$ cat input00.json   # JSON, N, CA and C atoms
[["chain", "number", "residue", "atom", "x", "y", "z"],
["A", 1, "MET", "N", -69.81, 33.93, 112.17],
["A", 1, "MET", "CA", -68.37, 33.96, 111.94],
["A", 1, "MET", "C", -67.75, 34.92, 112.95],
["A", 2, "HIS", "N", -66.60, 34.54, 113.45],
["A", 2, "HIS", "CA", -65.87, 35.38, 114.39],
["A", 2, "HIS", "C", -64.89, 36.25, 113.62],
["A", 3, "ARG", "N", -64.65, 37.42, 114.13],
["A", 3, "ARG", "CA", -63.70, 38.33, 113.50],
["A", 3, "ARG", "C", -62.53, 38.52, 114.45],
["A", 4, "LEU", "N", -61.33, 38.43, 113.92],
["A", 4, "LEU", "CA", -60.11, 38.64, 114.68],
["A", 4, "LEU", "C", -59.39, 39.84, 114.11],
["A", 5, "ILE", "N", -59.09, 40.78, 114.96],
["A", 5, "ILE", "CA", -58.35, 41.97, 114.54],
["A", 5, "ILE", "C", -57.01, 41.95, 115.24],
["A", 6, "ILE", "N", -55.95, 42.01, 114.45],
["A", 6, "ILE", "CA", -54.61, 42.04, 115.01],
["A", 6, "ILE", "C", -53.87, 43.26, 114.49],
["A", 7, "GLU", "N", -52.93, 43.71, 115.27],
["A", 7, "GLU", "CA", -52.08, 44.81, 114.83],
["A", 7, "GLU", "C", -50.69, 44.25, 114.55],
["A", 8, "VAL", "N", -50.16, 44.59, 113.39],
["A", 8, "VAL", "CA", -48.82, 44.15, 113.03],
["A", 8, "VAL", "C", -48.02, 45.36, 112.57],
["A", 9, "ASP", "N", -46.72, 45.25, 112.72],
["A", 9, "ASP", "CA", -45.89, 46.36, 112.27],
["A", 9, "ASP", "C", -45.80, 46.36, 110.74],
["A", 10, "ARG", "N", -45.34, 47.44, 110.21],
["A", 10, "ARG", "CA", -45.31, 47.63, 108.76],
["A", 10, "ARG", "C", -44.49, 46.55, 108.06],
["A", 11, "GLN", "N", -43.35, 46.17, 108.64],
["A", 11, "GLN", "CA", -42.49, 45.19, 108.00],
["A", 11, "GLN", "C", -43.18, 43.82, 107.90],
["A", 12, "LEU", "N", -43.83, 43.40, 108.97],
["A", 12, "LEU", "CA", -44.54, 42.12, 108.95],
["A", 12, "LEU", "C", -45.70, 42.17, 107.96],
["A", 13, "TYR", "N", -46.40, 43.29, 107.92],
["A", 13, "TYR", "CA", -47.52, 43.44, 106.99],
["A", 13, "TYR", "C", -47.03, 43.30, 105.55],
["A", 14, "GLN", "N", -45.90, 43.93, 105.24],
["A", 14, "GLN", "CA", -45.35, 43.84, 103.89],
["A", 14, "GLN", "C", -44.93, 42.41, 103.57],
["A", 15, "GLN", "N", -44.36, 41.70, 104.56],
["A", 15, "GLN", "CA", -43.98, 40.31, 104.35],
["A", 15, "GLN", "C", -45.21, 39.45, 104.07],
["A", 16, "LEU", "N", -46.28, 39.70, 104.80],
["A", 16, "LEU", "CA", -47.52, 38.96, 104.56],
["A", 16, "LEU", "C", -48.09, 39.25, 103.18],
["A", 17, "GLU", "N", -48.07, 40.52, 102.78],
["A", 17, "GLU", "CA", -48.55, 40.87, 101.45],
["A", 17, "GLU", "C", -47.72, 40.20, 100.37],
["A", 18, "ASN", "N", -46.40, 40.21, 100.52],
["A", 18, "ASN", "CA", -45.51, 39.59, 99.53],
["A", 18, "ASN", "C", -45.76, 38.08, 99.45],
["A", 19, "ALA", "N", -45.93, 37.44, 100.60],
["A", 19, "ALA", "CA", -46.19, 36.00, 100.61],
["A", 19, "ALA", "C", -47.54, 35.70, 99.96],
["A", 20, "ALA", "N", -48.54, 36.55, 100.23],
["A", 20, "ALA", "CA", -49.86, 36.35, 99.62],
["A", 20, "ALA", "C", -49.76, 36.44, 98.11],
["A", 21, "ARG", "N", -49.02, 37.42, 97.63],
["A", 21, "ARG", "CA", -48.84, 37.56, 96.17],
["A", 21, "ARG", "C", -48.12, 36.34, 95.61],
["A", 22, "ALA", "N", -47.08, 35.92, 96.29],
["A", 22, "ALA", "CA", -46.29, 34.77, 95.81],
["A", 22, "ALA", "C", -47.11, 33.49, 95.75],
["A", 23, "HIS", "N", -48.06, 33.34, 96.68],
["A", 23, "HIS", "CA", -48.91, 32.15, 96.71],
["A", 23, "HIS", "C", -50.24, 32.35, 95.98],
["A", 24, "HIS", "N", -50.39, 33.51, 95.34],
["A", 24, "HIS", "CA", -51.62, 33.84, 94.61],
["A", 24, "HIS", "C", -52.85, 33.75, 95.53],
["A", 25, "LEU", "N", -52.71, 34.35, 96.71],
["A", 25, "LEU", "CA", -53.78, 34.35, 97.70],
["A", 25, "LEU", "C", -54.11, 35.78, 98.12],
["A", 26, "SER", "N", -55.27, 35.94, 98.72],
["A", 26, "SER", "CA", -55.57, 37.23, 99.34],
["A", 26, "SER", "C", -54.78, 37.32, 100.64],
["A", 27, "LEU", "N", -54.69, 38.49, 101.17],
["A", 27, "LEU", "CA", -53.98, 38.68, 102.44],
["A", 27, "LEU", "C", -54.65, 37.86, 103.54],
["A", 28, "GLU", "N", -55.97, 37.85, 103.54],
["A", 28, "GLU", "CA", -56.70, 37.06, 104.54],
["A", 28, "GLU", "C", -56.40, 35.57, 104.38],
["A", 29, "ALA", "N", -56.40, 35.09, 103.16],
["A", 29, "ALA", "CA", -56.13, 33.67, 102.92],
["A", 29, "ALA", "C", -54.70, 33.30, 103.33],
["A", 30, "GLU", "N", -53.76, 34.20, 103.10],
["A", 30, "GLU", "CA", -52.37, 33.94, 103.52],
["A", 30, "GLU", "C", -52.28, 33.86, 105.04],
["A", 31, "CYS", "N", -52.97, 34.75, 105.72],
["A", 31, "CYS", "CA", -52.97, 34.71, 107.19],
["A", 31, "CYS", "C", -53.60, 33.42, 107.70],
["A", 32, "ARG", "N", -54.71, 33.03, 107.08],
["A", 32, "ARG", "CA", -55.36, 31.77, 107.47],
["A", 32, "ARG", "C", -54.45, 30.59, 107.22],
["A", 33, "ARG", "N", -53.78, 30.60, 106.09],
["A", 33, "ARG", "CA", -52.86, 29.50, 105.75],
["A", 33, "ARG", "C", -51.79, 29.36, 106.82],
["A", 34, "ARG", "N", -51.25, 30.49, 107.23],
["A", 34, "ARG", "CA", -50.22, 30.45, 108.26],
["A", 34, "ARG", "C", -50.78, 30.04, 109.60],
["A", 35, "LEU", "N", -51.95, 30.52, 109.93],
["A", 35, "LEU", "CA", -52.56, 30.18, 111.21],
["A", 35, "LEU", "C", -52.95, 28.72, 111.29],
["A", 36, "LEU", "N", -53.23, 28.12, 110.15],
["A", 36, "LEU", "CA", -53.58, 26.70, 110.14],
["A", 36, "LEU", "C", -52.37, 25.81, 110.38],
["A", 37, "GLY", "N", -51.20, 26.40, 110.47],
["A", 37, "GLY", "CA", -50.04, 25.63, 110.85],
["A", 37, "GLY", "C", -49.12, 25.24, 109.72],
["A", 38, "LEU", "N", -49.43, 25.66, 108.49],
["A", 38, "LEU", "CA", -48.56, 25.27, 107.40],
["A", 38, "LEU", "C", -47.16, 25.87, 107.54],
["A", 39, "GLU", "N", -47.09, 27.05, 108.11],
["A", 39, "GLU", "CA", -45.79, 27.68, 108.33],
["A", 39, "GLU", "C", -45.69, 28.27, 109.73],
["A", 40, "CYS", "N", -46.41, 27.69, 110.65],
["A", 40, "CYS", "CA", -46.46, 28.22, 112.01],
["A", 40, "CYS", "C", -45.24, 27.71, 112.78],
["A", 41, "GLN", "N", -44.11, 28.35, 112.59],
["A", 41, "GLN", "CA", -42.87, 27.97, 113.24],
["A", 41, "GLN", "C", -42.63, 28.76, 114.53],
["A", 42, "SER", "N", -43.34, 29.85, 114.68],
["A", 42, "SER", "CA", -43.12, 30.74, 115.81],
["A", 42, "SER", "C", -43.73, 30.18, 117.09],
["A", 43, "ARG", "N", -42.91, 30.02, 118.12],
["A", 43, "ARG", "CA", -43.42, 29.54, 119.40],
["A", 43, "ARG", "C", -44.35, 30.58, 120.02],
["A", 44, "TYR", "N", -44.04, 31.85, 119.78],
["A", 44, "TYR", "CA", -44.90, 32.92, 120.28],
["A", 44, "TYR", "C", -46.28, 32.81, 119.66],
["A", 45, "LEU", "N", -46.34, 32.61, 118.35],
["A", 45, "LEU", "CA", -47.63, 32.51, 117.67],
["A", 45, "LEU", "C", -48.37, 31.25, 118.11],
["A", 46, "GLN", "N", -47.66, 30.16, 118.30],
["A", 46, "GLN", "CA", -48.30, 28.94, 118.76],
["A", 46, "GLN", "C", -48.89, 29.14, 120.14],
["A", 47, "ALA", "N", -48.16, 29.83, 121.02],
["A", 47, "ALA", "CA", -48.68, 30.11, 122.36],
["A", 47, "ALA", "C", -49.89, 31.03, 122.30],
["A", 48, "LEU", "N", -49.82, 32.04, 121.44],
["A", 48, "LEU", "CA", -50.94, 32.96, 121.28],
["A", 48, "LEU", "C", -52.18, 32.23, 120.79],
["A", 49, "LEU", "N", -52.03, 31.35, 119.80],
["A", 49, "LEU", "CA", -53.16, 30.58, 119.29],
["A", 49, "LEU", "C", -53.73, 29.67, 120.37],
["A", 50, "ALA", "N", -52.86, 29.04, 121.15],
["A", 50, "ALA", "CA", -53.34, 28.17, 122.23],
["A", 50, "ALA", "C", -54.13, 28.98, 123.26],
["A", 51, "GLU", "N", -53.65, 30.17, 123.57],
["A", 51, "GLU", "CA", -54.35, 31.03, 124.51],
["A", 51, "GLU", "C", -55.71, 31.46, 123.95],
["A", 52, "MET", "N", -55.75, 31.79, 122.67],
["A", 52, "MET", "CA", -57.01, 32.20, 122.05],
["A", 52, "MET", "C", -58.00, 31.05, 122.02],
["A", 53, "ARG", "N", -57.51, 29.83, 121.74],
["A", 53, "ARG", "CA", -58.40, 28.67, 121.73],
["A", 53, "ARG", "C", -58.95, 28.40, 123.13],
["A", 54, "ALA", "N", -58.09, 28.54, 124.15],
["A", 54, "ALA", "CA", -58.54, 28.34, 125.53],
["A", 54, "ALA", "C", -59.58, 29.38, 125.91],
["A", 55, "ASP", "N", -59.34, 30.63, 125.53],
["A", 55, "ASP", "CA", -60.31, 31.69, 125.81],
["A", 55, "ASP", "C", -61.64, 31.41, 125.11],
["A", 56, "ALA", "N", -61.57, 30.94, 123.87],
["A", 56, "ALA", "CA", -62.79, 30.63, 123.12],
["A", 56, "ALA", "C", -63.53, 29.48, 123.78],
["A", 57, "ALA", "N", -62.81, 28.45, 124.20],
["A", 57, "ALA", "CA", -63.44, 27.31, 124.86],
["A", 57, "ALA", "C", -64.08, 27.75, 126.17],
["A", 58, "GLU", "N", -63.40, 28.59, 126.92],
["A", 58, "GLU", "CA", -63.95, 29.09, 128.17],
["A", 58, "GLU", "C", -65.19, 29.94, 127.91],
["A", 59, "GLY", "N", -65.16, 30.72, 126.85],
["A", 59, "GLY", "CA", -66.33, 31.53, 126.48],
["A", 59, "GLY", "C", -67.52, 30.65, 126.14],
["A", 60, "CYS", "N", -67.28, 29.55, 125.43],
["A", 60, "CYS", "CA", -68.36, 28.62, 125.10],
["A", 60, "CYS", "C", -68.91, 27.99, 126.38],
["A", 61, "TRP", "N", -68.01, 27.64, 127.30],
["A", 61, "TRP", "CA", -68.42, 27.04, 128.56],
["A", 61, "TRP", "C", -69.28, 28.02, 129.36],
["A", 62, "ARG", "N", -68.82, 29.28, 129.41],
["A", 62, "ARG", "CA", -69.59, 30.29, 130.14],
["A", 62, "ARG", "C", -70.95, 30.51, 129.50],
["A", 63, "ALA", "N", -71.00, 30.50, 128.17],
["A", 63, "ALA", "CA", -72.27, 30.70, 127.47],
["A", 63, "ALA", "C", -73.24, 29.57, 127.82],
["A", 64, "ARG", "N", -72.74, 28.35, 127.90],
["A", 64, "ARG", "CA", -73.59, 27.22, 128.25],
["A", 64, "ARG", "C", -74.10, 27.35, 129.70],
["A", 65, "GLU", "N", -73.21, 27.80, 130.61],
["A", 65, "GLU", "CA", -73.61, 28.00, 131.99],
["A", 65, "GLU", "C", -74.67, 29.08, 132.11],
["A", 66, "ASP", "N", -74.52, 30.15, 131.33],
["A", 66, "ASP", "CA", -75.49, 31.24, 131.35],
["A", 66, "ASP", "C", -76.85, 30.77, 130.85],
["A", 67, "GLU", "N", -76.86, 29.86, 129.86],
["A", 67, "GLU", "CA", -78.11, 29.35, 129.33],
["A", 67, "GLU", "C", -78.84, 28.52, 130.38],
["A", 68, "LYS", "N", -78.09, 27.79, 131.21],
["A", 68, "LYS", "CA", -78.68, 26.94, 132.23],
["A", 68, "LYS", "C", -79.27, 27.76, 133.37],
["A", 69, "ALA", "N", -78.70, 28.92, 133.64],
["A", 69, "ALA", "CA", -79.14, 29.73, 134.78],
["A", 69, "ALA", "C", -80.45, 30.41, 134.55]]

$ encode --input "input00.json" --output "structure tokens"
Amino acid sequence: MHRLIIEVDRQLYQQLENAARAHHLSLEAECRRRLLGLECQSRYLQALLAEMRADAAEGCWRAREDEKA
């Protein structure tokens, strides 16, 4: 399993906690729910996720190349 660590300001953290409580979810589950696109309205977040996916794909490609060498 991969671990992602992000830093958020206090106001966003409180909003995430409130949403998690409202949806009867853990904070992690609320973050996952949002990241899965159910409420991913932010173009910034969409761009960030696309960049992370590209980095992950490139990392997998590099790992495969390293195995061949």

$ atom_distance --input "input00.json" --atom1 "atom CA of A:Leu25" --atom2 "atom CA of A:Tyr13"
14.4 Å

$ residues_around --input "input00.json" --residues "stretch 18-22 of chain A" --least-positions-apart "4" --cutoff "12 Å" --atoms "only C-alpha atoms" --output "PyMOL selection string"
chain A and resi 11-14+26-34+39

$ atom_distance --input "input00.json" --atom1 "atom N of A:Glu58" --atom2 "atom N of A:Asp9"
27.5 Å

$ atom_distance --input "input00.json" --atom1 "atom N of A:Leu35" --atom2 "atom N of A:Leu49"
9.9 Å
